There are 2 protein chains.
Amino acid sequence: MARQSMREAIVDAAVAQFHSKGYNAAGVKDITDAAGVPKGSFYNHFDSKESLALVALDRYGAARRIHELAEPGVAPLARLRAHFEFLRGETVAADFTRGCMIGNFGAEIADHSETIRTGVRASLAHWASMISGALAEAQQSGDLRADLDTERTARFVLNAWEGTLIAARSGRSDEAFDDFFDTVFGTLLAPPHTPAAGRS
Amino acid sequence: MARQSMREAIVDAAVAQFHSKGYNAAGVKDITDAAGVPKGSFYNHFDSKESLALVALDRYGAARRIHELAEPGVAPLARLRAHFEFLRGETVAADFTRGCMIGNFGAEIADHSETIRTGVRASLAHWASMISGALAEAQQSGDLRADLDTERTARFVLNAWEGTLIAARSGRSDEAFDDFFDTVFGTLLAPPHTPAAGRS
């Protein structure tokens, strides 16, 4: 296997292993076995499991279609809903397991690895900024209450999503997803002029 | 050490070890060392690390003052806010580490242990039911919009809290907490008659 393709195979295997098992439970040998490369080749490509995890985190984030949050042609709140529906579909397809690798690393490893903590923080910040952009567009088009702080609301919605995944996995059901979609899109981000947005 | 006090020492040490290190990183020997008991004594008290983890989860949950959500004498939404302020204080006091053991187990282990998954689900369900009770009281006293489904909203708020802890830990700052309190109490659970509850 060529050097570059061996590295790619290790990264792909790491994403799958870290995502399904977690950071501590996925050993270097699990990853090299899954990649079909000798364990000894690992350190030709990566300094440590930790540095591989950071690359895997970026690879994972890049596949979450976060860029679609900024694509024109679909109304911004519909785009945001479609984004979370795509992510929900991933978890449902995995029988309500795995969740989000970014959140999983945040819960399991951020306290213990400054490298991974910084990576998780950057991933969440980028993701939240893309959500915030969609919310700001929705405000400009009058589809969202003007009094919401879009940056704060975007971070909150993303954090709520990460917690929703924990509940969906522990419940092995759609309940937590239904709670998220109903509350976020039906109440928090409800259009300014419907009764669901509150009464004054 | 008497048998019962040895068991208690193991459980107390397990709560601290699981909470600070996570499930996989906290080994049986770490726990017995922290408890000051011989490793060999562990299996006199517990069948497995997994069964100890379930006991530790209950012990952890019991110390989270969840019962205070039902205590009369304080307005229900003030009670709910005080509850989350208490929990926020725990994380701040730990320099933005550790988070919630229930959520951590949900993210790290629920996929891999039916015992722990069921324990996490039960812990979240009990907690959400107590939050729902406070929300229902708030509706009865006119402090909360009558159109909110209190059970669904309670689960959503709890899930949002679990995700907030992940972001607070990865950011090592109050930002995620501020996002939570501002959005949950300033918008989602805002009083029915203030402008912040929306315009119609």
# chains A, B, ... in the order shown; residues from 1 in each chain; ligands from 1
call {"tool": "residues_around", "arguments": {"residues": "A:Arg3", "least_positions_apart": "3", "cutoff": "10 Å", "atoms": "only C-alpha atoms", "output": "count of residues only"}}
result
7
call {"tool": "residues_around", "arguments": {"residues": "stretch 177-188 of chain A", "least_positions_apart": "3", "cutoff": "8 Å", "atoms": "only C-alpha atoms", "output": "PyMOL selection string"}}
result
(chain A and resi 81+88+157+160-161+164-165+168+174+196-197) or (chain B and resi 152-153+155-156+187-188)
call {"tool": "residues_around", "arguments": {"residues": "A:Ala35", "least_positions_apart": "5", "cutoff": "12 Å", "atoms": "only C-alpha atoms", "output": "MDAnalysis selection string"}}
result
chainID A and resid 1 5:17 28:30 41:42
call {"tool": "interface_residues", "arguments": {"of": "chain A", "to": "chain B", "cutoff": "7 Å", "atoms": "only C-alpha atoms", "output": "ChimeraX atom specification"}}
result
/A:22,24-25,97,103-104,106-108,110-111,117-118,120-121,152-153,156,159-164,166-167,169-171,179-180,183,188,192-195,197-200
call {"tool": "write_last_selection", "arguments": {"atoms": "C-alpha atoms", "output": "mmCIF file, in the first residue's frame"}}
result
data_model
loop_
_atom_site.group_PDB
_atom_site.id
_atom_site.type_symbol
_atom_site.label_atom_id
_atom_site.label_comp_id
_atom_site.auth_asym_id
_atom_site.auth_seq_id
_atom_site.Cartn_x
_atom_site.Cartn_y
_atom_site.Cartn_z
ATOM 1 C CA GLY A 22 -15.142 5.967 21.766
ATOM 2 C CA ASN A 24 -10.321 5.087 25.012
ATOM 3 C CA ALA A 25 -11.936 1.873 23.809
ATOM 4 C CA THR A 97 -25.897 4.392 18.424
ATOM 5 C CA GLY A 103 -19.738 15.632 21.315
ATOM 6 C CA ASN A 104 -18.451 12.203 22.281
ATOM 7 C CA GLY A 106 -16.059 16.464 24.327
ATOM 8 C CA ALA A 107 -17.686 14.259 26.941
ATOM 9 C CA GLU A 108 -14.993 11.600 27.140
ATOM 10 C CA ALA A 110 -11.746 17.035 26.436
ATOM 11 C CA ASP A 111 -10.872 17.146 30.146
ATOM 12 C CA ARG A 117 -10.320 19.838 23.820
ATOM 13 C CA THR A 118 -9.082 22.545 21.466
ATOM 14 C CA VAL A 120 -13.669 19.972 19.880
ATOM 15 C CA ARG A 121 -13.973 23.655 20.729
ATOM 16 C CA ARG A 152 -26.104 32.799 21.193
ATOM 17 C CA THR A 153 -29.141 30.969 19.839
ATOM 18 C CA PHE A 156 -27.585 26.878 22.254
ATOM 19 C CA ASN A 159 -25.498 22.236 22.332
ATOM 20 C CA ALA A 160 -29.104 21.079 22.611
ATOM 21 C CA TRP A 161 -28.474 18.838 19.606
ATOM 22 C CA GLU A 162 -25.451 17.246 21.252
ATOM 23 C CA GLY A 163 -27.480 16.487 24.383
ATOM 24 C CA THR A 164 -30.357 15.226 22.253
ATOM 25 C CA ILE A 166 -27.129 11.352 24.234
ATOM 26 C CA ALA A 167 -30.808 10.980 25.114
ATOM 27 C CA ARG A 169 -28.913 6.790 22.285
ATOM 28 C CA SER A 170 -29.847 6.020 25.868
ATOM 29 C CA GLY A 171 -33.529 5.809 24.953
ATOM 30 C CA ASP A 179 -38.483 16.827 21.377
ATOM 31 C CA PHE A 180 -35.667 18.685 19.633
ATOM 32 C CA THR A 183 -39.175 22.638 20.539
ATOM 33 C CA LEU A 188 -37.726 28.658 19.841
ATOM 34 C CA PRO A 192 -42.701 35.865 14.516
ATOM 35 C CA HIS A 193 -46.398 36.034 13.635
ATOM 36 C CA THR A 194 -47.792 32.652 14.571
ATOM 37 C CA PRO A 195 -49.470 31.945 17.911
ATOM 38 C CA ALA A 197 -44.243 32.214 19.002
ATOM 39 C CA GLY A 198 -46.014 33.401 22.140
ATOM 40 C CA ARG A 199 -48.715 35.816 23.088
ATOM 41 C CA SER A 200 -48.306 39.351 24.232
#
call {"tool": "atom_distance", "arguments": {"atom1": "atom CA of B:Ala82", "atom2": "atom CA of B:Asp58"}}
result
21.8 Å
call {"tool": "select_by_dssp", "arguments": {"residues": "stretch 8-159 of chain A", "states": "helix (DSSP H, G or I)", "output": "mmCIF file with N, CA and C atoms, in the first residue's frame"}}
result
data_model
loop_
_atom_site.group_PDB
_atom_site.id
_atom_site.type_symbol
_atom_site.label_atom_id
_atom_site.label_comp_id
_atom_site.auth_asym_id
_atom_site.auth_seq_id
_atom_site.Cartn_x
_atom_site.Cartn_y
_atom_site.Cartn_z
ATOM 1 N N GLU A 8 -4.358 7.367 4.604
ATOM 2 C CA GLU A 8 -5.802 7.566 4.430
ATOM 3 C C GLU A 8 -6.591 6.416 5.032
ATOM 4 N N ALA A 9 -6.081 5.207 4.840
ATOM 5 C CA ALA A 9 -6.775 4.036 5.392
ATOM 6 C C ALA A 9 -6.806 4.100 6.915
ATOM 7 N N ILE A 10 -5.706 4.565 7.506
ATOM 8 C CA ILE A 10 -5.669 4.693 8.967
ATOM 9 C C ILE A 10 -6.673 5.747 9.442
ATOM 10 N N VAL A 11 -6.714 6.876 8.735
ATOM 11 C CA VAL A 11 -7.647 7.941 9.155
ATOM 12 C C VAL A 11 -9.094 7.466 9.025
ATOM 13 N N ASP A 12 -9.402 6.829 7.895
ATOM 14 C CA ASP A 12 -10.779 6.340 7.712
ATOM 15 C C ASP A 12 -11.153 5.338 8.800
ATOM 16 N N ALA A 13 -10.223 4.438 9.092
ATOM 17 C CA ALA A 13 -10.501 3.448 10.133
ATOM 18 C C ALA A 13 -10.637 4.114 11.488
ATOM 19 N N ALA A 14 -9.831 5.142 11.733
ATOM 20 C CA ALA A 14 -9.896 5.837 13.018
ATOM 21 C C ALA A 14 -11.243 6.516 13.204
ATOM 22 N N VAL A 15 -11.755 7.148 12.147
ATOM 23 C CA VAL A 15 -13.068 7.788 12.263
ATOM 24 C C VAL A 15 -14.108 6.742 12.661
ATOM 25 N N ALA A 16 -14.102 5.622 11.967
ATOM 26 C CA ALA A 16 -15.103 4.587 12.251
ATOM 27 C C ALA A 16 -14.921 3.991 13.652
ATOM 28 N N GLN A 17 -13.683 3.734 14.038
ATOM 29 C CA GLN A 17 -13.428 3.115 15.345
ATOM 30 C C GLN A 17 -13.725 4.082 16.497
ATOM 31 N N PHE A 18 -13.240 5.321 16.377
ATOM 32 C CA PHE A 18 -13.508 6.301 17.439
ATOM 33 C C PHE A 18 -15.003 6.577 17.546
ATOM 34 N N HIS A 19 -15.669 6.639 16.399
ATOM 35 C CA HIS A 19 -17.092 6.977 16.409
ATOM 36 C C HIS A 19 -17.913 5.863 17.058
ATOM 37 N N SER A 20 -17.577 4.630 16.741
ATOM 38 C CA SER A 20 -18.405 3.536 17.263
ATOM 39 C C SER A 20 -17.992 3.088 18.661
ATOM 40 N N LYS A 21 -16.715 3.185 18.994
ATOM 41 C CA LYS A 21 -16.258 2.664 20.293
ATOM 42 C C LYS A 21 -15.954 3.740 21.321
ATOM 43 N N VAL A 28 -4.912 1.655 19.214
ATOM 44 C CA VAL A 28 -4.155 1.787 17.961
ATOM 45 C C VAL A 28 -4.223 0.492 17.156
ATOM 46 N N LYS A 29 -4.134 -0.637 17.838
ATOM 47 C CA LYS A 29 -4.176 -1.912 17.110
ATOM 48 C C LYS A 29 -5.554 -2.157 16.484
ATOM 49 N N ASP A 30 -6.619 -1.757 17.186
ATOM 50 C CA ASP A 30 -7.964 -1.855 16.585
ATOM 51 C C ASP A 30 -8.010 -1.065 15.281
ATOM 52 N N ILE A 31 -7.399 0.109 15.319
ATOM 53 C CA ILE A 31 -7.454 1.005 14.156
ATOM 54 C C ILE A 31 -6.607 0.450 13.007
ATOM 55 N N THR A 32 -5.392 0.002 13.318
ATOM 56 C CA THR A 32 -4.548 -0.521 12.232
ATOM 57 C C THR A 32 -5.119 -1.837 11.695
ATOM 58 N N ASP A 33 -5.686 -2.663 12.568
ATOM 59 C CA ASP A 33 -6.339 -3.890 12.085
ATOM 60 C C ASP A 33 -7.489 -3.546 11.139
ATOM 61 N N ALA A 34 -8.325 -2.586 11.561
ATOM 62 C CA ALA A 34 -9.470 -2.202 10.726
ATOM 63 C C ALA A 34 -8.992 -1.600 9.403
ATOM 64 N N ALA A 35 -7.842 -0.925 9.442
ATOM 65 C CA ALA A 35 -7.298 -0.310 8.220
ATOM 66 C C ALA A 35 -6.578 -1.329 7.346
ATOM 67 N N LYS A 39 0.492 -2.820 12.586
ATOM 68 C CA LYS A 39 0.482 -1.874 13.703
ATOM 69 C C LYS A 39 1.755 -1.028 13.698
ATOM 70 N N GLY A 40 2.871 -1.666 13.334
ATOM 71 C CA GLY A 40 4.152 -0.956 13.340
ATOM 72 C C GLY A 40 4.191 0.234 12.392
ATOM 73 N N SER A 41 3.308 0.243 11.394
ATOM 74 C CA SER A 41 3.328 1.342 10.423
ATOM 75 C C SER A 41 2.677 2.615 10.986
ATOM 76 N N PHE A 42 1.938 2.453 12.075
ATOM 77 C CA PHE A 42 1.174 3.597 12.610
ATOM 78 C C PHE A 42 2.050 4.815 12.839
ATOM 79 N N TYR A 43 3.196 4.587 13.521
ATOM 80 C CA TYR A 43 4.021 5.729 13.938
ATOM 81 C C TYR A 43 4.865 6.307 12.800
ATOM 82 N N ASN A 44 4.787 5.690 11.613
ATOM 83 C CA ASN A 44 5.330 6.351 10.423
ATOM 84 C C ASN A 44 4.437 7.513 9.982
ATOM 85 N N HIS A 45 3.197 7.479 10.439
ATOM 86 C CA HIS A 45 2.227 8.462 9.963
ATOM 87 C C HIS A 45 1.756 9.429 11.037
ATOM 88 N N LYS A 49 -1.838 8.451 19.181
ATOM 89 C CA LYS A 49 -3.277 8.261 18.987
ATOM 90 C C LYS A 49 -3.995 9.606 19.084
ATOM 91 N N GLU A 50 -3.517 10.457 19.987
ATOM 92 C CA GLU A 50 -4.125 11.773 20.175
ATOM 93 C C GLU A 50 -4.038 12.618 18.901
ATOM 94 N N SER A 51 -2.884 12.583 18.252
ATOM 95 C CA SER A 51 -2.766 13.413 17.036
ATOM 96 C C SER A 51 -3.588 12.815 15.895
ATOM 97 N N LEU A 52 -3.700 11.500 15.852
ATOM 98 C CA LEU A 52 -4.613 10.885 14.879
ATOM 99 C C LEU A 52 -6.061 11.291 15.170
ATOM 100 N N ALA A 53 -6.409 11.326 16.457
ATOM 101 C CA ALA A 53 -7.792 11.668 16.829
ATOM 102 C C ALA A 53 -8.161 13.057 16.334
ATOM 103 N N LEU A 54 -7.205 13.971 16.363
ATOM 104 C CA LEU A 54 -7.486 15.330 15.896
ATOM 105 C C LEU A 54 -7.752 15.343 14.383
ATOM 106 N N VAL A 55 -6.982 14.565 13.640
ATOM 107 C CA VAL A 55 -7.197 14.446 12.195
ATOM 108 C C VAL A 55 -8.554 13.774 11.934
ATOM 109 N N ALA A 56 -8.859 12.748 12.712
ATOM 110 C CA ALA A 56 -10.135 12.042 12.553
ATOM 111 C C ALA A 56 -11.313 12.969 12.851
ATOM 112 N N LEU A 57 -11.126 13.831 13.842
ATOM 113 C CA LEU A 57 -12.187 14.778 14.209
ATOM 114 C C LEU A 57 -12.475 15.729 13.046
ATOM 115 N N ASP A 58 -11.416 16.215 12.414
ATOM 116 C CA ASP A 58 -11.604 17.095 11.253
ATOM 117 C C ASP A 58 -12.273 16.350 10.103
ATOM 118 N N ARG A 59 -11.836 15.121 9.870
ATOM 119 C CA ARG A 59 -12.422 14.312 8.799
ATOM 120 C C ARG A 59 -13.912 14.065 9.073
ATOM 121 N N TYR A 60 -14.216 13.750 10.313
ATOM 122 C CA TYR A 60 -15.611 13.522 10.699
ATOM 123 C C TYR A 60 -16.445 14.796 10.470
ATOM 124 N N GLY A 61 -15.925 15.925 10.951
ATOM 125 C CA GLY A 61 -16.648 17.194 10.807
ATOM 126 C C GLY A 61 -16.897 17.552 9.354
ATOM 127 N N ALA A 62 -15.909 17.276 8.509
ATOM 128 C CA ALA A 62 -16.026 17.637 7.092
ATOM 129 C C ALA A 62 -17.117 16.838 6.389
ATOM 130 N N ILE A 66 -21.799 20.428 6.881
ATOM 131 C CA ILE A 66 -22.010 21.699 7.559
ATOM 132 C C ILE A 66 -22.053 22.851 6.544
ATOM 133 N N HIS A 67 -21.318 22.711 5.448
ATOM 134 C CA HIS A 67 -21.307 23.756 4.420
ATOM 135 C C HIS A 67 -22.698 23.977 3.821
ATOM 136 N N GLU A 68 -23.536 22.934 3.863
ATOM 137 C CA GLU A 68 -24.873 23.083 3.271
ATOM 138 C C GLU A 68 -25.728 24.104 4.022
ATOM 139 N N LEU A 69 -25.303 24.420 5.258
ATOM 140 C CA LEU A 69 -26.034 25.437 6.020
ATOM 141 C C LEU A 69 -25.958 26.810 5.355
ATOM 142 N N ALA A 70 -24.985 27.000 4.481
ATOM 143 C CA ALA A 70 -24.808 28.309 3.825
ATOM 144 C C ALA A 70 -25.239 28.289 2.363
ATOM 145 N N PRO A 76 -33.628 29.618 4.823
ATOM 146 C CA PRO A 76 -32.617 29.290 5.828
ATOM 147 C C PRO A 76 -33.108 28.353 6.943
ATOM 148 N N LEU A 77 -34.319 28.532 7.423
ATOM 149 C CA LEU A 77 -34.772 27.642 8.500
ATOM 150 C C LEU A 77 -35.068 26.238 7.964
ATOM 151 N N ALA A 78 -35.517 26.165 6.719
ATOM 152 C CA ALA A 78 -35.726 24.849 6.102
ATOM 153 C C ALA A 78 -34.380 24.143 5.907
ATOM 154 N N ARG A 79 -33.368 24.920 5.580
ATOM 155 C CA ARG A 79 -32.011 24.408 5.418
ATOM 156 C C ARG A 79 -31.488 23.883 6.759
ATOM 157 N N LEU A 80 -31.747 24.649 7.803
ATOM 158 C CA LEU A 80 -31.287 24.242 9.142
ATOM 159 C C LEU A 80 -31.999 22.953 9.574
ATOM 160 N N ARG A 81 -33.294 22.905 9.316
ATOM 161 C CA ARG A 81 -34.037 21.696 9.675
ATOM 162 C C ARG A 81 -33.528 20.496 8.878
ATOM 163 N N ALA A 82 -33.287 20.703 7.593
ATOM 164 C CA ALA A 82 -32.788 19.600 6.755
ATOM 165 C C ALA A 82 -31.425 19.109 7.253
ATOM 166 N N HIS A 83 -30.621 20.033 7.724
ATOM 167 C CA HIS A 83 -29.308 19.667 8.265
ATOM 168 C C HIS A 83 -29.472 18.722 9.454
ATOM 169 N N PHE A 84 -30.313 19.088 10.395
ATOM 170 C CA PHE A 84 -30.490 18.236 11.569
ATOM 171 C C PHE A 84 -31.244 16.947 11.216
ATOM 172 N N GLU A 85 -32.102 17.011 10.206
ATOM 173 C CA GLU A 85 -32.771 15.779 9.764
ATOM 174 C C GLU A 85 -31.749 14.801 9.164
ATOM 175 N N PHE A 86 -30.787 15.342 8.428
ATOM 176 C CA PHE A 86 -29.718 14.494 7.885
ATOM 177 C C PHE A 86 -28.952 13.822 9.030
ATOM 178 N N LEU A 87 -28.619 14.601 10.052
ATOM 179 C CA LEU A 87 -27.856 14.051 11.181
ATOM 180 C C LEU A 87 -28.694 13.042 11.978
ATOM 181 N N ARG A 88 -29.965 13.358 12.145
ATOM 182 C CA ARG A 88 -30.867 12.406 12.800
ATOM 183 C C ARG A 88 -30.890 11.089 12.024
ATOM 184 N N GLY A 89 -30.967 11.196 10.713
ATOM 185 C CA GLY A 89 -31.001 9.995 9.875
ATOM 186 C C GLY A 89 -29.772 9.124 10.065
ATOM 187 N N GLU A 90 -28.622 9.750 10.257
ATOM 188 C CA GLU A 90 -27.403 8.969 10.488
ATOM 189 C C GLU A 90 -27.520 8.134 11.762
ATOM 190 N N THR A 91 -28.031 8.755 12.805
ATOM 191 C CA THR A 91 -28.132 8.041 14.087
ATOM 192 C C THR A 91 -29.213 6.958 14.025
ATOM 193 N N VAL A 92 -30.325 7.269 13.373
ATOM 194 C CA VAL A 92 -31.384 6.254 13.237
ATOM 195 C C VAL A 92 -30.860 5.065 12.427
ATOM 196 N N ALA A 93 -30.118 5.372 11.346
ATOM 197 C CA ALA A 93 -29.566 4.302 10.504
ATOM 198 C C ALA A 93 -28.574 3.437 11.283
ATOM 199 N N MET A 101 -19.370 12.387 16.937
ATOM 200 C CA MET A 101 -18.014 12.167 17.434
ATOM 201 C C MET A 101 -17.466 13.408 18.133
ATOM 202 N N ILE A 102 -17.891 14.571 17.693
ATOM 203 C CA ILE A 102 -17.410 15.810 18.325
ATOM 204 C C ILE A 102 -17.900 15.863 19.778
ATOM 205 N N GLY A 103 -19.191 15.640 19.960
ATOM 206 C CA GLY A 103 -19.738 15.632 21.315
ATOM 207 C C GLY A 103 -19.184 14.498 22.158
ATOM 208 N N ASN A 104 -18.998 13.343 21.531
ATOM 209 C CA ASN A 104 -18.451 12.203 22.281
ATOM 210 C C ASN A 104 -17.042 12.502 22.788
ATOM 211 N N PHE A 105 -16.230 13.063 21.927
ATOM 212 C CA PHE A 105 -14.875 13.441 22.361
ATOM 213 C C PHE A 105 -14.958 14.512 23.464
ATOM 214 N N GLY A 106 -15.896 15.427 23.301
ATOM 215 C CA GLY A 106 -16.059 16.464 24.327
ATOM 216 C C GLY A 106 -16.402 15.881 25.678
ATOM 217 N N ALA A 107 -17.268 14.870 25.679
ATOM 218 C CA ALA A 107 -17.686 14.259 26.941
ATOM 219 C C ALA A 107 -16.605 13.345 27.514
ATOM 220 N N GLU A 108 -15.912 12.636 26.638
ATOM 221 C CA GLU A 108 -14.993 11.600 27.140
ATOM 222 C C GLU A 108 -13.571 12.112 27.355
ATOM 223 N N GLU A 114 -5.543 18.412 26.033
ATOM 224 C CA GLU A 114 -5.670 19.800 25.585
ATOM 225 C C GLU A 114 -5.800 19.849 24.059
ATOM 226 N N THR A 115 -5.111 18.952 23.382
ATOM 227 C CA THR A 115 -5.199 18.867 21.920
ATOM 228 C C THR A 115 -6.633 18.595 21.469
ATOM 229 N N ILE A 116 -7.247 17.595 22.083
ATOM 230 C CA ILE A 116 -8.597 17.221 21.661
ATOM 231 C C ILE A 116 -9.617 18.254 22.135
ATOM 232 N N ARG A 117 -9.412 18.795 23.342
ATOM 233 C CA ARG A 117 -10.320 19.838 23.820
ATOM 234 C C ARG A 117 -10.339 21.013 22.838
ATOM 235 N N THR A 118 -9.176 21.425 22.400
ATOM 236 C CA THR A 118 -9.082 22.545 21.466
ATOM 237 C C THR A 118 -9.731 22.192 20.129
ATOM 238 N N GLY A 119 -9.563 20.943 19.699
ATOM 239 C CA GLY A 119 -10.191 20.501 18.456
ATOM 240 C C GLY A 119 -11.707 20.484 18.561
ATOM 241 N N VAL A 120 -12.218 19.997 19.675
ATOM 242 C CA VAL A 120 -13.669 19.972 19.880
ATOM 243 C C VAL A 120 -14.215 21.394 19.916
ATOM 244 N N ARG A 121 -13.515 22.267 20.641
ATOM 245 C CA ARG A 121 -13.973 23.655 20.729
ATOM 246 C C ARG A 121 -14.029 24.300 19.351
ATOM 247 N N ALA A 122 -12.996 24.076 18.549
ATOM 248 C CA ALA A 122 -12.957 24.669 17.208
ATOM 249 C C ALA A 122 -14.059 24.088 16.320
ATOM 250 N N SER A 123 -14.296 22.793 16.427
ATOM 251 C CA SER A 123 -15.356 22.163 15.619
ATOM 252 C C SER A 123 -16.718 22.734 15.976
ATOM 253 N N LEU A 124 -16.982 22.842 17.279
ATOM 254 C CA LEU A 124 -18.274 23.385 17.712
ATOM 255 C C LEU A 124 -18.412 24.847 17.295
ATOM 256 N N ALA A 125 -17.328 25.610 17.409
ATOM 257 C CA ALA A 125 -17.392 27.041 17.071
ATOM 258 C C ALA A 125 -17.671 27.237 15.577
ATOM 259 N N HIS A 126 -17.012 26.427 14.741
ATOM 260 C CA HIS A 126 -17.253 26.549 13.291
ATOM 261 C C HIS A 126 -18.697 26.184 12.956
ATOM 262 N N TRP A 127 -19.143 25.105 13.520
ATOM 263 C CA TRP A 127 -20.508 24.622 13.282
ATOM 264 C C TRP A 127 -21.537 25.665 13.743
ATOM 265 N N ALA A 128 -21.326 26.195 14.939
ATOM 266 C CA ALA A 128 -22.255 27.206 15.473
ATOM 267 C C ALA A 128 -22.260 28.454 14.601
ATOM 268 N N SER A 129 -21.102 28.809 14.055
ATOM 269 C CA SER A 129 -21.066 30.018 13.219
ATOM 270 C C SER A 129 -21.865 29.808 11.932
ATOM 271 N N MET A 130 -21.865 28.579 11.428
ATOM 272 C CA MET A 130 -22.648 28.296 10.228
ATOM 273 C C MET A 130 -24.150 28.312 10.546
ATOM 274 N N ILE A 131 -24.511 27.797 11.712
ATOM 275 C CA ILE A 131 -25.924 27.856 12.128
ATOM 276 C C ILE A 131 -26.342 29.305 12.328
ATOM 277 N N SER A 132 -25.462 30.079 12.950
ATOM 278 C CA SER A 132 -25.761 31.491 13.198
ATOM 279 C C SER A 132 -25.992 32.240 11.891
ATOM 280 N N GLY A 133 -25.211 31.903 10.882
ATOM 281 C CA GLY A 133 -25.393 32.538 9.574
ATOM 282 C C GLY A 133 -26.778 32.269 9.005
ATOM 283 N N ALA A 134 -27.237 31.033 9.150
ATOM 284 C CA ALA A 134 -28.577 30.695 8.657
ATOM 285 C C ALA A 134 -29.650 31.443 9.458
ATOM 286 N N LEU A 135 -29.442 31.555 10.763
ATOM 287 C CA LEU A 135 -30.421 32.279 11.600
ATOM 288 C C LEU A 135 -30.457 33.764 11.229
ATOM 289 N N ALA A 136 -29.289 34.324 10.967
ATOM 290 C CA ALA A 136 -29.251 35.747 10.587
ATOM 291 C C ALA A 136 -29.978 35.976 9.257
ATOM 292 N N GLU A 137 -29.802 35.045 8.325
ATOM 293 C CA GLU A 137 -30.548 35.131 7.058
ATOM 294 C C GLU A 137 -32.053 35.072 7.300
ATOM 295 N N ALA A 138 -32.450 34.171 8.199
ATOM 296 C CA ALA A 138 -33.880 34.025 8.503
ATOM 297 C C ALA A 138 -34.432 35.298 9.129
ATOM 298 N N GLN A 139 -33.628 35.955 9.953
ATOM 299 C CA GLN A 139 -34.087 37.233 10.522
ATOM 300 C C GLN A 139 -34.238 38.280 9.425
ATOM 301 N N GLN A 140 -33.262 38.307 8.514
ATOM 302 C CA GLN A 140 -33.312 39.310 7.439
ATOM 303 C C GLN A 140 -34.544 39.128 6.560
ATOM 304 N N THR A 150 -28.562 35.850 17.343
ATOM 305 C CA THR A 150 -28.368 34.663 16.489
ATOM 306 C C THR A 150 -27.143 33.844 16.902
ATOM 307 N N GLU A 151 -26.094 34.491 17.343
ATOM 308 C CA GLU A 151 -24.904 33.718 17.734
ATOM 309 C C GLU A 151 -25.174 32.886 18.981
ATOM 310 N N ARG A 152 -25.784 33.506 19.959
ATOM 311 C CA ARG A 152 -26.104 32.799 21.193
ATOM 312 C C ARG A 152 -27.091 31.660 20.924
ATOM 313 N N THR A 153 -28.112 31.971 20.133
ATOM 314 C CA THR A 153 -29.141 30.969 19.839
ATOM 315 C C THR A 153 -28.536 29.805 19.057
ATOM 316 N N ALA A 154 -27.643 30.108 18.137
ATOM 317 C CA ALA A 154 -27.006 29.051 17.338
ATOM 318 C C ALA A 154 -26.200 28.121 18.246
ATOM 319 N N ARG A 155 -25.418 28.694 19.146
ATOM 320 C CA ARG A 155 -24.640 27.845 20.058
ATOM 321 C C ARG A 155 -25.572 27.000 20.920
ATOM 322 N N PHE A 156 -26.638 27.623 21.408
ATOM 323 C CA PHE A 156 -27.585 26.878 22.254
ATOM 324 C C PHE A 156 -28.208 25.718 21.485
ATOM 325 N N VAL A 157 -28.649 25.980 20.260
ATOM 326 C CA VAL A 157 -29.294 24.926 19.465
ATOM 327 C C VAL A 157 -28.304 23.778 19.217
ATOM 328 N N LEU A 158 -27.068 24.120 18.908
ATOM 329 C CA LEU A 158 -26.066 23.075 18.673
ATOM 330 C C LEU A 158 -25.816 22.265 19.953
ATOM 331 N N ASN A 159 -25.707 22.959 21.075
ATOM 332 C CA ASN A 159 -25.498 22.236 22.332
ATOM 333 C C ASN A 159 -26.701 21.348 22.642
#
call {"tool": "atom_distance", "arguments": {"atom1": "atom CA of A:Ser141", "atom2": "atom CA of A:Glu71"}}
result
15.4 Å
call {"tool": "atom_distance", "arguments": {"atom1": "atom CA of B:Ala2", "atom2": "atom CA of B:Ala63"}}
result
24.1 Å
